[in-house]
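Participant: To be precise about what I am sending: the file is called my_file17.txt and holds compact mmCIF, C-alpha atoms.
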# COMPACT_ATOMS: atom_id res chain seq x y z
CA MET A 289 -37.39 6.01 -19.40
CA SER A 290 -34.96 8.28 -17.57
CA ASN A 291 -33.04 6.79 -14.64
CA ILE A 292 -32.58 10.15 -12.87
CA VAL A 293 -34.07 10.47 -9.39
CA THR A 294 -36.89 13.02 -9.27
CA PHE A 295 -39.05 11.85 -6.36
CA GLU A 296 -36.99 12.92 -3.37
CA LYS A 297 -35.12 15.99 -2.25
CA ARG A 298 -31.37 15.61 -2.60
CA THR A 299 -28.95 17.66 -0.53
CA PHE A 300 -25.28 17.48 -1.53
CA LEU A 301 -22.33 18.25 0.75
CA PHE A 302 -19.09 19.02 -1.08
CA LEU A 303 -15.74 18.42 0.62
CA GLN A 304 -12.34 19.10 -0.98
CA GLY A 305 -12.15 19.19 -4.76
CA PRO A 306 -9.64 19.75 -7.56
CA HIS A 307 -7.83 23.09 -7.51
CA GLY A 308 -9.94 25.71 -9.25
CA PRO A 309 -13.66 26.37 -9.80
CA PHE A 310 -14.90 22.92 -10.87
CA PHE A 311 -16.70 22.06 -7.61
CA HIS A 312 -18.39 25.47 -7.54
CA ARG A 313 -19.61 25.02 -11.11
CA LEU A 314 -20.82 21.50 -10.32
CA GLY A 315 -22.68 22.75 -7.25
CA LYS A 316 -24.45 25.41 -9.32
CA MET A 317 -25.57 22.81 -11.83
CA LEU A 318 -26.93 20.57 -9.08
CA GLY A 319 -28.75 23.59 -7.69
CA ALA A 320 -30.30 24.19 -11.10
CA ALA A 321 -31.49 20.56 -11.01
CA GLY A 322 -33.44 21.33 -7.81
CA CYS A 323 -30.96 20.09 -5.21
CA ASP A 324 -29.67 21.87 -2.13
CA VAL A 325 -25.87 22.25 -2.03
CA TRP A 326 -23.41 22.93 0.81
CA ARG A 327 -19.63 23.05 0.97
CA VAL A 328 -17.26 22.32 3.86
CA GLY A 329 -13.86 23.98 3.56
CA PHE A 330 -10.72 23.00 5.42
CA ASN A 331 -8.44 25.86 4.38
CA ALA A 332 -8.41 29.25 2.68
CA GLY A 333 -7.86 27.63 -0.71
CA ASP A 334 -11.15 25.75 -0.41
CA ARG A 335 -12.89 28.98 0.55
CA ALA A 336 -11.39 31.01 -2.29
CA PHE A 337 -12.85 28.77 -5.01
CA TRP A 338 -16.36 28.51 -3.53
CA PHE A 339 -18.15 31.67 -4.61
CA THR A 340 -21.38 31.31 -2.60
CA PRO A 341 -20.64 32.38 1.00
CA LYS A 342 -24.06 31.51 2.41
CA THR A 343 -23.58 27.81 1.57
CA TYR A 344 -19.98 27.60 2.80
CA ILE A 345 -19.23 25.88 6.13
CA PRO A 346 -15.67 26.36 7.44
CA TYR A 347 -14.23 23.52 9.47
CA THR A 348 -11.66 24.94 11.87
CA GLY A 349 -11.49 22.10 14.38
CA LYS A 350 -9.09 19.21 14.79
CA LEU A 351 -8.99 16.18 12.53
CA ALA A 352 -10.00 13.88 15.42
CA ASP A 353 -13.25 15.83 15.84
CA TRP A 354 -14.14 15.90 12.14
CA PRO A 355 -16.27 12.70 11.90
CA ASP A 356 -18.58 13.90 14.68
CA ARG A 357 -18.83 17.35 13.12
CA LEU A 358 -19.70 15.74 9.79
CA ALA A 359 -22.51 13.75 11.43
CA GLN A 360 -23.84 16.98 12.93
CA ILE A 361 -23.81 18.76 9.56
CA VAL A 362 -25.57 15.79 7.96
CA ALA A 363 -28.33 15.96 10.58
CA ASP A 364 -28.66 19.77 10.54
CA LYS A 365 -28.75 20.17 6.75
CA GLY A 366 -30.49 16.93 5.80
CA ILE A 367 -27.53 15.75 3.73
CA THR A 368 -28.21 12.80 1.42
CA ASP A 369 -24.98 12.80 -0.64
CA ILE A 370 -21.35 13.78 -0.16
CA VAL A 371 -19.01 14.75 -3.01
CA LEU A 372 -15.21 14.60 -2.84
CA TYR A 373 -12.06 14.45 -4.95
CA GLY A 374 -9.90 11.46 -4.02
CA ASP A 375 -10.84 9.21 -1.13
CA THR A 376 -7.57 8.71 0.76
CA ARG A 377 -6.66 12.09 2.25
CA PRO A 378 -7.52 11.93 6.01
CA VAL A 379 -10.58 14.22 5.98
CA HIS A 380 -12.03 12.24 3.07
CA ALA A 381 -11.17 8.77 4.39
CA ASP A 382 -12.90 9.59 7.67
CA ALA A 383 -15.85 11.15 5.82
CA VAL A 384 -16.37 8.10 3.59
CA VAL A 385 -16.52 5.76 6.59
CA ARG A 386 -18.98 7.98 8.47
CA ALA A 387 -21.08 8.68 5.37
CA LYS A 388 -21.52 4.95 4.69
CA ASP A 389 -22.52 4.41 8.33
CA LEU A 390 -25.16 7.13 7.87
CA GLY A 391 -26.45 5.66 4.63
CA LEU A 392 -25.33 8.53 2.40
CA THR A 393 -24.39 8.24 -1.27
CA VAL A 394 -20.66 8.89 -1.73
CA HIS A 395 -19.62 10.49 -5.05
CA VAL A 396 -15.88 10.26 -5.77
CA PHE A 397 -14.10 12.21 -8.49
CA GLU A 398 -10.54 11.45 -9.59
CA GLU A 399 -8.21 12.16 -12.46
CA GLY A 400 -9.21 9.97 -15.38
CA TYR A 401 -8.11 6.36 -15.53
CA MET A 402 -7.80 7.16 -19.24
CA ARG A 403 -6.32 10.60 -18.65
CA PRO A 404 -5.72 13.21 -19.88
CA TYR A 405 -8.87 13.22 -22.04
CA TRP A 406 -11.31 11.86 -19.46
CA VAL A 407 -11.99 12.17 -15.74
CA THR A 408 -13.22 9.47 -13.37
CA TYR A 409 -16.57 9.43 -11.56
CA GLU A 410 -17.30 6.53 -9.20
CA ARG A 411 -19.21 5.86 -6.02
CA ASP A 412 -17.86 4.74 -2.64
CA GLY A 413 -14.18 4.68 -3.70
CA SER A 414 -11.58 5.11 -6.44
CA ASN A 415 -8.23 3.63 -7.46
CA GLY A 416 -7.43 0.82 -5.01
CA HIS A 417 -10.89 1.21 -3.44
CA SER A 418 -12.72 1.14 -6.76
CA GLN A 419 -15.32 -1.51 -7.57
CA LEU A 420 -13.15 -2.30 -10.59
CA MET A 421 -10.66 -4.01 -8.31
CA ASP A 422 -13.08 -6.90 -7.73
CA MET A 423 -14.50 -7.03 -11.24
CA SER A 424 -13.17 -9.53 -13.77
CA VAL A 425 -12.62 -8.89 -17.46
CA GLY A 426 -15.10 -11.70 -18.13
CA GLU A 427 -17.86 -9.82 -16.27
CA MET A 428 -17.09 -6.72 -18.30
CA GLN A 429 -17.16 -8.64 -21.59
CA LYS A 430 -20.55 -10.13 -20.71
CA ALA A 431 -22.00 -6.68 -20.01
CA LEU A 432 -20.57 -5.34 -23.27
CA GLU A 433 -22.64 -7.85 -25.23
CA GLN A 434 -25.59 -5.53 -24.63
CA SER A 435 -23.88 -2.50 -26.17
CA ASP A 436 -22.81 -1.64 -29.69
CA LEU A 437 -21.43 1.86 -29.01
CA ASP A 438 -18.27 2.69 -30.91
CA VAL A 439 -15.32 3.34 -28.61
CA PRO A 440 -14.51 7.07 -28.68
CA GLU A 441 -11.00 8.06 -29.63
CA ALA A 442 -9.05 10.77 -27.86
CA PRO A 443 -8.72 14.14 -29.60
CA THR A 444 -5.38 15.09 -31.08
CA HIS A 445 -5.02 17.92 -28.54
CA TRP A 446 -6.77 18.50 -25.25
CA GLY A 447 -4.38 19.84 -22.68
CA ASP A 448 -5.05 21.67 -19.41
CA MET A 449 -1.69 21.13 -17.69
CA ASN A 450 -0.92 24.86 -17.66
CA GLN A 451 -4.28 25.59 -16.02
CA HIS A 452 -3.66 22.82 -13.51
CA ILE A 453 -0.34 24.35 -12.50
CA PHE A 454 -1.85 27.85 -12.39
CA TYR A 455 -4.75 26.85 -10.12
CA GLY A 456 -2.38 24.87 -7.90
CA PHE A 457 -0.23 27.99 -7.57
CA LEU A 458 -3.27 30.12 -6.62
CA TYR A 459 -4.63 27.53 -4.21
CA HIS A 460 -1.39 27.31 -2.24
CA LEU A 461 -1.03 31.09 -2.31
CA PHE A 462 -4.43 31.43 -0.61
CA VAL A 463 -3.54 28.77 1.95
CA MET A 464 -0.18 30.36 2.69
CA THR A 465 -1.53 33.91 3.11
CA GLY A 466 -5.02 33.42 4.56
CA ASN A 467 -5.12 30.22 6.56
CA GLY A 468 -5.13 31.72 10.04
CA ALA A 469 -8.56 30.36 10.97
CA TYR A 470 -7.73 26.82 9.86
CA ARG A 471 -4.57 26.09 11.83
CA ASN A 472 -6.05 23.23 13.87
CA ILE A 473 -6.17 20.82 10.93
CA ARG A 474 -3.04 19.68 9.13
CA THR A 475 -2.73 19.26 5.40
CA HIS A 476 -2.61 15.71 4.00
CA ARG A 477 0.70 16.64 2.36
CA SER A 478 3.96 15.97 4.17
CA MET A 479 5.48 19.24 2.96
CA PRO A 480 4.76 22.69 4.53
CA VAL A 481 2.34 24.86 2.54
CA ALA A 482 4.95 27.59 2.03
CA GLN A 483 7.28 25.09 0.41
CA GLU A 484 4.44 23.70 -1.75
CA PHE A 485 3.70 27.24 -2.91
CA TYR A 486 7.35 27.89 -3.67
CA LEU A 487 7.57 24.73 -5.78
CA TYR A 488 4.40 25.58 -7.72
CA MET A 489 5.68 29.11 -8.34
CA LYS A 490 9.10 27.85 -9.38
CA ARG A 491 7.58 25.30 -11.75
CA PHE A 492 5.23 27.87 -13.28
CA LEU A 493 8.06 30.34 -13.89
CA LEU A 494 10.49 27.73 -15.22
CA LEU A 495 8.06 26.07 -17.62
CA PRO A 496 9.90 27.29 -20.77
CA PHE A 497 13.23 25.92 -19.53
CA VAL A 498 11.68 22.61 -18.40
CA ARG A 499 10.15 22.21 -21.86
CA LEU A 500 13.50 22.84 -23.52
CA ASP A 501 15.24 20.30 -21.26
CA ARG A 502 12.46 17.78 -21.92
CA GLY A 503 12.60 18.29 -25.67
CA LEU A 504 16.36 17.86 -25.87
CA SER A 505 16.32 14.78 -23.62
CA THR A 506 13.58 13.15 -25.68
CA LEU A 507 15.30 14.00 -28.96
CA ARG A 508 18.60 12.46 -27.82
CA ILE A 509 16.88 9.22 -26.89
CA LYS A 510 14.89 8.99 -30.11
CA GLN A 511 17.88 9.73 -32.34
CA ALA A 512 20.26 7.36 -30.54
CA GLY A 513 18.43 4.36 -32.01
CA PHE A 514 18.90 1.96 -29.08
CA PRO A 515 16.12 -0.34 -27.78
CA PHE A 516 14.77 0.99 -24.49
CA HIS A 517 12.38 0.18 -21.67
CA LEU A 518 10.26 3.02 -20.27
CA VAL A 519 9.61 3.65 -16.57
CA LEU A 520 6.49 5.69 -15.76
CA MET A 521 7.23 7.62 -12.60
CA GLN A 522 4.65 9.01 -10.20
CA LEU A 523 4.54 11.69 -7.53
CA GLU A 524 5.87 10.27 -4.29
CA HIS A 525 3.13 12.02 -2.27
CA ASP A 526 0.35 10.83 -4.59
CA SER A 527 -2.31 8.77 -2.83
CA SER A 528 -2.05 5.86 -5.30
CA PHE A 529 1.68 5.56 -4.56
CA GLN A 530 1.35 5.95 -0.79
CA MET A 531 -1.85 3.99 -0.16
CA HIS A 532 -1.96 1.36 -2.90
CA SER A 533 1.65 0.26 -3.41
CA PRO A 534 4.35 -1.63 -1.48
CA PHE A 535 6.61 1.46 -1.46
CA LYS A 536 6.76 4.47 0.84
CA GLU A 537 9.57 6.28 -0.99
CA MET A 538 10.16 6.65 -4.71
CA ARG A 539 13.81 5.70 -4.24
CA GLU A 540 12.76 2.14 -3.31
CA PHE A 541 10.99 1.74 -6.65
CA LEU A 542 13.85 3.34 -8.59
CA GLU A 543 16.42 1.02 -7.06
CA LEU A 544 14.30 -2.10 -7.59
CA THR A 545 13.78 -1.20 -11.25
CA ILE A 546 17.42 -0.38 -12.02
CA LYS A 547 18.57 -3.54 -10.22
CA GLY A 548 16.13 -5.67 -12.25
CA PHE A 549 17.26 -3.98 -15.46
CA ALA A 550 20.93 -4.58 -14.66
CA GLU A 551 20.29 -8.27 -13.93
CA GLY A 552 18.00 -9.11 -16.84
CA ALA A 553 18.08 -6.70 -19.77
CA PRO A 554 20.27 -7.38 -22.83
CA ARG A 555 23.49 -5.37 -22.66
CA HIS A 556 22.56 -3.15 -25.63
CA HIS A 557 19.19 -2.14 -24.12
CA HIS A 558 18.65 1.13 -22.25
CA LEU A 559 16.28 2.26 -19.48
CA VAL A 560 14.40 5.58 -19.62
CA PHE A 561 12.74 7.14 -16.58
CA LYS A 562 9.96 9.58 -17.49
CA ALA A 563 9.01 11.94 -14.68
CA HIS A 564 5.40 12.72 -13.84
CA PRO A 565 4.18 15.89 -15.66
CA MET A 566 3.50 17.56 -12.28
CA GLU A 567 6.84 16.63 -10.71
CA SER A 568 7.81 19.77 -8.82
CA GLY A 569 11.40 19.01 -7.93
CA ARG A 570 10.81 18.31 -4.26
CA LEU A 571 13.08 15.29 -4.71
CA PRO A 572 16.28 15.27 -6.83
CA MET A 573 15.05 12.47 -9.09
CA ARG A 574 17.59 12.96 -11.86
CA HIS A 575 20.45 12.79 -9.37
CA VAL A 576 19.04 9.69 -7.66
CA VAL A 577 18.60 7.88 -10.99
CA ARG A 578 22.18 8.63 -12.02
CA GLN A 579 23.54 7.54 -8.65
CA LEU A 580 21.65 4.23 -8.68
CA ALA A 581 22.66 3.53 -12.29
CA LYS A 582 26.30 3.95 -11.33
CA GLU A 583 25.93 1.70 -8.26
CA HIS A 584 24.41 -1.12 -10.35
CA GLY A 585 26.92 -0.91 -13.19
CA VAL A 586 24.58 0.48 -15.89
CA LYS A 587 25.85 4.05 -16.07
CA GLY A 588 25.37 5.42 -19.57
CA ARG A 589 22.41 3.12 -20.23
CA VAL A 590 19.93 4.86 -17.92
CA HIS A 591 18.27 8.17 -18.82
CA TYR A 592 15.90 10.67 -17.20
CA VAL A 593 13.25 12.79 -19.00
CA PRO A 594 11.50 15.59 -17.02
CA GLY A 595 7.84 14.94 -17.89
CA GLY A 596 6.28 15.74 -21.24
CA LYS A 597 3.89 13.87 -23.51
CA LEU A 598 4.11 10.15 -23.02
CA ALA A 599 3.43 9.18 -26.65
CA ARG A 600 6.71 10.68 -27.89
CA LEU A 601 8.62 8.02 -25.97
CA LEU A 602 6.04 5.27 -25.66
CA ASN A 603 5.73 4.82 -29.40
CA HIS A 604 9.33 3.53 -29.44
CA ALA A 605 9.46 1.62 -26.13
CA ARG A 606 9.96 -2.16 -25.87
CA THR A 607 8.25 -2.45 -22.45
CA ALA A 608 7.01 -0.23 -19.64
CA VAL A 609 7.28 -0.45 -15.85
CA THR A 610 5.33 1.48 -13.22
CA VAL A 611 4.06 1.28 -9.67
CA ASN A 612 0.40 1.92 -10.54
CA SER A 613 0.34 5.02 -12.74
CA THR A 614 -2.84 5.61 -14.74
CA ALA A 615 -0.55 6.44 -17.67
CA ALA A 616 -0.08 2.67 -18.00
CA GLN A 617 -3.44 2.62 -19.78
CA GLN A 618 -1.65 4.18 -22.77
CA VAL A 619 0.91 1.39 -22.61
CA LEU A 620 -1.76 -1.30 -22.76
CA TRP A 621 -3.68 0.50 -25.49
CA ARG A 622 -0.58 0.11 -27.68
CA GLY A 623 -0.15 -3.57 -26.80
CA ILE A 624 3.21 -2.99 -25.07
CA PRO A 625 4.24 -5.43 -22.29
CA LEU A 626 3.64 -3.89 -18.86
CA LYS A 627 4.92 -4.63 -15.35
CA VAL A 628 3.23 -3.07 -12.31
CA PHE A 629 3.99 -3.25 -8.57
CA GLY A 630 0.99 -1.65 -6.88
CA ALA A 631 -2.77 -2.10 -6.81
CA ALA A 632 -4.35 -0.64 -9.93
CA VAL A 633 -7.75 -0.87 -11.59
CA TYR A 634 -6.09 -2.13 -14.80
CA ALA A 635 -3.88 -4.76 -13.12
CA LYS A 636 -5.77 -7.70 -14.60
CA PRO A 637 -3.94 -11.00 -15.30
CA GLU A 638 -4.99 -10.87 -18.95
CA PHE A 639 -2.76 -7.92 -19.73
CA VAL A 640 -0.27 -7.22 -16.91
CA SER A 641 2.89 -9.32 -16.57
CA THR A 642 3.47 -11.54 -13.55
CA GLN A 643 7.11 -12.27 -14.49
CA PRO A 644 9.95 -11.42 -12.07
CA LEU A 645 11.44 -8.10 -13.15
CA PRO A 646 14.77 -9.42 -14.55
CA ASP A 647 12.83 -11.99 -16.62
CA PHE A 648 10.45 -9.27 -17.79
CA PHE A 649 13.33 -7.15 -19.08
CA ALA A 650 14.96 -10.20 -20.70
CA ALA A 651 11.93 -11.68 -22.50
CA PRO A 652 8.65 -9.87 -21.77
CA GLU A 653 5.33 -11.62 -22.34
CA ARG A 654 2.87 -9.76 -24.55
CA PRO A 655 -0.49 -8.66 -23.11
CA ASP A 656 -3.86 -9.90 -24.38
CA ASN A 657 -4.67 -6.84 -26.43
CA ARG A 658 -8.20 -7.96 -27.26
CA ALA A 659 -9.03 -8.36 -23.58
CA TYR A 660 -7.62 -4.91 -22.86
CA LYS A 661 -9.72 -3.33 -25.59
CA ASP A 662 -12.84 -4.83 -23.98
CA TYR A 663 -11.72 -3.50 -20.60
CA ARG A 664 -11.11 -0.05 -22.05
CA ARG A 665 -14.48 0.01 -23.75
CA PHE A 666 -16.17 -0.98 -20.47
CA LEU A 667 -14.55 1.95 -18.65
CA LEU A 668 -15.51 4.42 -21.38
CA GLU A 669 -19.09 3.15 -21.14
CA THR A 670 -19.20 3.64 -17.36
CA SER A 671 -16.92 5.73 -15.15
CA GLN A 672 -14.84 7.70 -17.68
CA MET A 673 -16.30 11.03 -18.79
CA PRO A 674 -14.91 13.32 -21.49
CA GLY A 675 -13.70 16.62 -20.11
CA GLY A 676 -11.37 18.01 -17.47
CA PHE A 677 -11.31 19.82 -14.14
CA TYR A 678 -9.01 22.72 -14.96
CA SER A 679 -9.69 24.25 -18.37
CA ALA A 680 -12.94 26.04 -19.20
CA ARG A 681 -13.44 23.82 -22.22
CA GLY A 682 -12.87 20.65 -20.21
CA ARG A 683 -15.36 21.74 -17.54
CA ARG A 684 -18.00 22.47 -20.18
CA GLU A 685 -17.67 18.97 -21.61
CA LEU A 686 -17.83 17.42 -18.16
CA MET A 687 -20.91 19.35 -17.03
CA ARG A 688 -22.95 18.09 -19.97
CA GLN A 689 -23.07 14.62 -18.45
CA VAL A 690 -21.84 14.43 -14.88
CA VAL A 691 -24.92 15.80 -13.07
CA ASP A 692 -27.24 13.26 -14.67
CA MET A 693 -24.86 10.49 -13.57
CA MET A 694 -24.79 11.83 -10.00
CA LEU A 695 -28.59 11.97 -9.83
CA ALA A 696 -29.03 8.46 -11.21
CA PRO A 697 -30.16 5.89 -8.61
CA GLU A 698 -27.35 3.46 -9.47
CA ASP A 699 -23.62 3.94 -9.84
CA PRO A 700 -22.16 3.75 -13.38
CA TYR A 701 -20.94 0.16 -13.07
CA ALA A 702 -24.12 -1.30 -11.59
CA ALA A 703 -26.30 0.50 -14.13
CA PHE A 704 -24.28 -0.80 -17.06
CA LEU A 705 -24.05 -4.35 -15.75
CA LYS A 706 -27.85 -4.38 -15.35
CA GLY A 707 -28.43 -2.79 -18.74
CA SER A 708 -30.10 0.33 -17.28
CA ALA A 709 -27.38 2.90 -17.94
CA ALA A 710 -28.35 6.14 -19.66
CA PRO A 711 -26.89 6.80 -23.14
CA ARG A 712 -23.32 8.08 -23.04
CA GLN A 713 -22.17 11.30 -24.64
CA GLN A 714 -19.62 10.85 -27.40
CA LEU A 715 -16.29 12.62 -26.96
CA ARG A 716 -16.25 15.86 -28.91
CA LEU A 717 -13.37 16.04 -31.35
CA VAL A 718 -13.81 19.63 -32.48
CA LYS A 719 -12.99 22.82 -30.69
CA ASP A 720 -16.04 24.75 -29.44
When written as structure tokens, how does the structure in this file appear?
Facilitator:
Amino acid sequence: MSNIVTFEKRTFLFLQGPHGPFFHRLGKMLGAAGCDVWRVGFNAGDRAFWFTPKTYIPYTGKLADWPDRLAQIVADKGITDIVLYGDTRPVHADAVVRAKDLGLTVHVFEEGYMRPYWVTYERDGSNGHSQLMDMSVGEMQKALEQSDLDVPEAPTHWGDMNQHIFYGFLYHLFVMTGNGAYRNIRTHRSMPVAQEFYLYMKRFLLLPFVRLDRGLSTLRIKQAGFPFHLVLMQLEHDSSFQMHSPFKEMREFLELTIKGFAEGAPRHHHLVFKAHPMESGRLPMRHVVRQLAKEHGVKGRVHYVPGGKLARLLNHARTAVTVNSTAAQQVLWRGIPLKVFGAAVYAKPEFVSTQPLPDFFAAPERPDNRAYKDYRRFLLETSQMPGGFYSARGRRELMRQVVDMMLAPEDPYAAFLKGSAAPRQQLRLVKD
């Protein structure tokens, strides 16, 4: 029997989504399923990627007035569900609180916890607000006893980073040139829109040179033959870093890590900082790393790589350190010791180190790889969907499953724990 709701009218209100046309495509599919769909936009970028003007509602007021305006829209349009991307930006945090008070279903999309080959769909919250935070590995293992689905493997190539950068460039261009009507509400970013646009444009134009720098840096490290520990860096303005970690600035994390390395790592070991793939250069990370290495007496043993594919370095790493990057899932999948500092859905005692950092670098404890494999399988059975937000191919894969999950009466975790989850689509390994 299908677990999709068919007995009541559903009306979805979309808030801010990933850069590009994903939310518009998702809204059309929900419309085809018989639902009403509306979209609230907070800037010209939101408006540009919603191609149905009659269902678009511009919000041009102040942030303080937004919760009351949301309640009015809910009453006027008969809203039953809200849909958003990330739950920590101010307009979304306020909306989630008000939506729960009004008894609405809250659908949250995020980049995949198993990225880059999956995206995350949850209800009520994601990352540090996810239901996974309060769920034990034992509970997951018990639920998995009811399933015999083979764990899907990632394809050898499924990249949409170029499309991500391109849509980010367009989005900020629209905001910079057409945002006159939306000046009452401030962006959740700390940086002015014009500067964001400049950084996206600069990154897009310099991609060939960044790739060359990255390739040479990675090659030097691989050919040097020294043991090394890998640091997975994040974007300083990312919500997971700002809202779910003990740090406010990336420099704090960099200094703590280099200090711990200097105090505990064997003298022939090295430390490699890998930048986030979307690092735009707003902060001089390479310079800061070099400066801190010199201050702590490990100059020449600390290296910086500007982004790139994680596997090329991770396959040779002794350990990995991060605040709470989702890329740490690839660390655990390989059975590599991992140290984290922030709240993360994967920060379970079975496979994340609790050692002080100098001790971790000196003699790291190995994770329980069997427990992690059960955890990974649980996620792939529930909240992780094959596909992507930015490429046409990724959106096609995502659309084949996501609408049915949104219309289901229970969220992915509850449905699986109760044994009522719908069959999951296997990850496609061939190019359409």
Participant: Tell me which protein, DNA and RNA residues are within 10 Å of Arg327 (chain A), counting only C-alpha atoms, leaving out same-chain ones fewer than 5 positions away, and put them as a compact mmCIF listing (two decimals) with C-alpha atoms, in the frame of the given file.
Facilitator:
# COMPACT_ATOMS: atom_id res chain seq x y z
CA PHE A 300 -25.28 17.48 -1.53
CA LEU A 301 -22.33 18.25 0.75
CA PHE A 302 -19.09 19.02 -1.08
CA LEU A 303 -15.74 18.42 0.62
CA GLN A 304 -12.34 19.10 -0.98
CA PHE A 311 -16.70 22.06 -7.61
CA HIS A 312 -18.39 25.47 -7.54
CA GLY A 315 -22.68 22.75 -7.25
CA ASP A 334 -11.15 25.75 -0.41
CA ARG A 335 -12.89 28.98 0.55
CA TRP A 338 -16.36 28.51 -3.53
CA THR A 340 -21.38 31.31 -2.60
CA PRO A 341 -20.64 32.38 1.00
CA LYS A 342 -24.06 31.51 2.41
CA THR A 343 -23.58 27.81 1.57
CA TYR A 344 -19.98 27.60 2.80
CA ILE A 345 -19.23 25.88 6.13
CA PRO A 346 -15.67 26.36 7.44
CA ILE A 370 -21.35 13.78 -0.16
CA VAL A 371 -19.01 14.75 -3.01
Participant: Counting all atoms listed in the file, figure out which residue out of A:His307, A:Lys430, A:Lys510, A:Arg574 gets nearest to Ala599 (chain A).
Facilitator: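 Selected residue with least distance to Ala599 (chain A): A:Lys510.
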Participant: If you take all atoms listed in the file and a cut-off of 12 Å, which residues of region 324-422 of chain A touch region 451-459 of chain A, and what are their nearest atom pairs and distances in Å to one decimal, in chain and number order, as a tab-separated table?
Facilitator:
residue	atom	partner	partner_atom	distance
A:Asn331	CA	A:Tyr459	CA	9.5
A:Ala332	CA	A:Tyr459	CA	8.0
A:Gly333	CA	A:Tyr459	CA	4.8
A:Asp334	CA	A:Tyr459	CA	7.8
A:Arg335	CA	A:Tyr459	CA	9.6
A:Ala336	CA	A:Tyr459	CA	7.8
A:Phe337	CA	A:Tyr459	CA	8.4
A:Trp338	CA	A:Tyr459	CA	11.8
A:Glu399	CA	A:His452	CA	11.6
A:Pro404	CA	A:His452	CA	11.7
Participant: For a test of reading the model, state the distance in Å between CA of Gly630 (chain A) and CA of Lys582 (chain A), rounded to one decimal.
Facilitator: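 Rounded to one decimal, the two atoms are 26.3 Å apart.
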Participant: So what do you get for CA of Arg578 (chain A) versus CA of Met531 (chain A), distance-wise?
Facilitator: 27.2 Å
Participant: Around (-25.3, 5.4, -1.2), as given in the file, which residues come within 12 Å? Count all atoms listed in the file and list them as a ChimeraX atom specification.
Facilitator: /A:298,367-371,384-396,410-413,694-699
Participant: Provide the CA of Met402 (chain A) to CA of Gln617 (chain A) distance in Å, to one decimal place.
Facilitator: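 Separating CA of Met402 (chain A) from CA of Gln617 (chain A) is a distance of 6.3 Å.
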Participant: Find the residues around His556 (chain A) up to 8 Å (all atoms listed in the file counted), leave out those fewer than 2 positions away in its own chain, and share them as a PyMOL selection string.
Facilitator: chain A and resi 514-515+554+558
Participant: Pick from A:Thr607, A:Gln689, A:Asn450, A:Gln419: nearest to Ala651 (chain A), with only C-alpha atoms counted?
Facilitator: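 Counting only C-alpha atoms, the residue closest to Ala651 (chain A) is A:Thr607.
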Participant: What lies within 8 Å of region 432-436 of chain A using all atoms listed in the file, ignoring chain neighbours under 4 positions off, as a list in words?
Facilitator: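 Near neighbours after the sequence-gap exclusion: Met428, Asp662, Phe666 and Gly707 of chain A.
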Participant: Once you have the residues from the selection above, write them out as a PDB file, keeping the file's coordinate frame, restricted to C-alpha atoms.
Facilitator:
ATOM      1  CA  MET A 428     -17.090  -6.720 -18.300  1.00  0.00           C
ATOM      2  CA  ASP A 662     -12.840  -4.830 -23.980  1.00  0.00           C
ATOM      3  CA  PHE A 666     -16.170  -0.980 -20.470  1.00  0.00           C
ATOM      4  CA  GLY A 707     -28.430  -2.790 -18.740  1.00  0.00           C
TER       5      GLY A 707
END
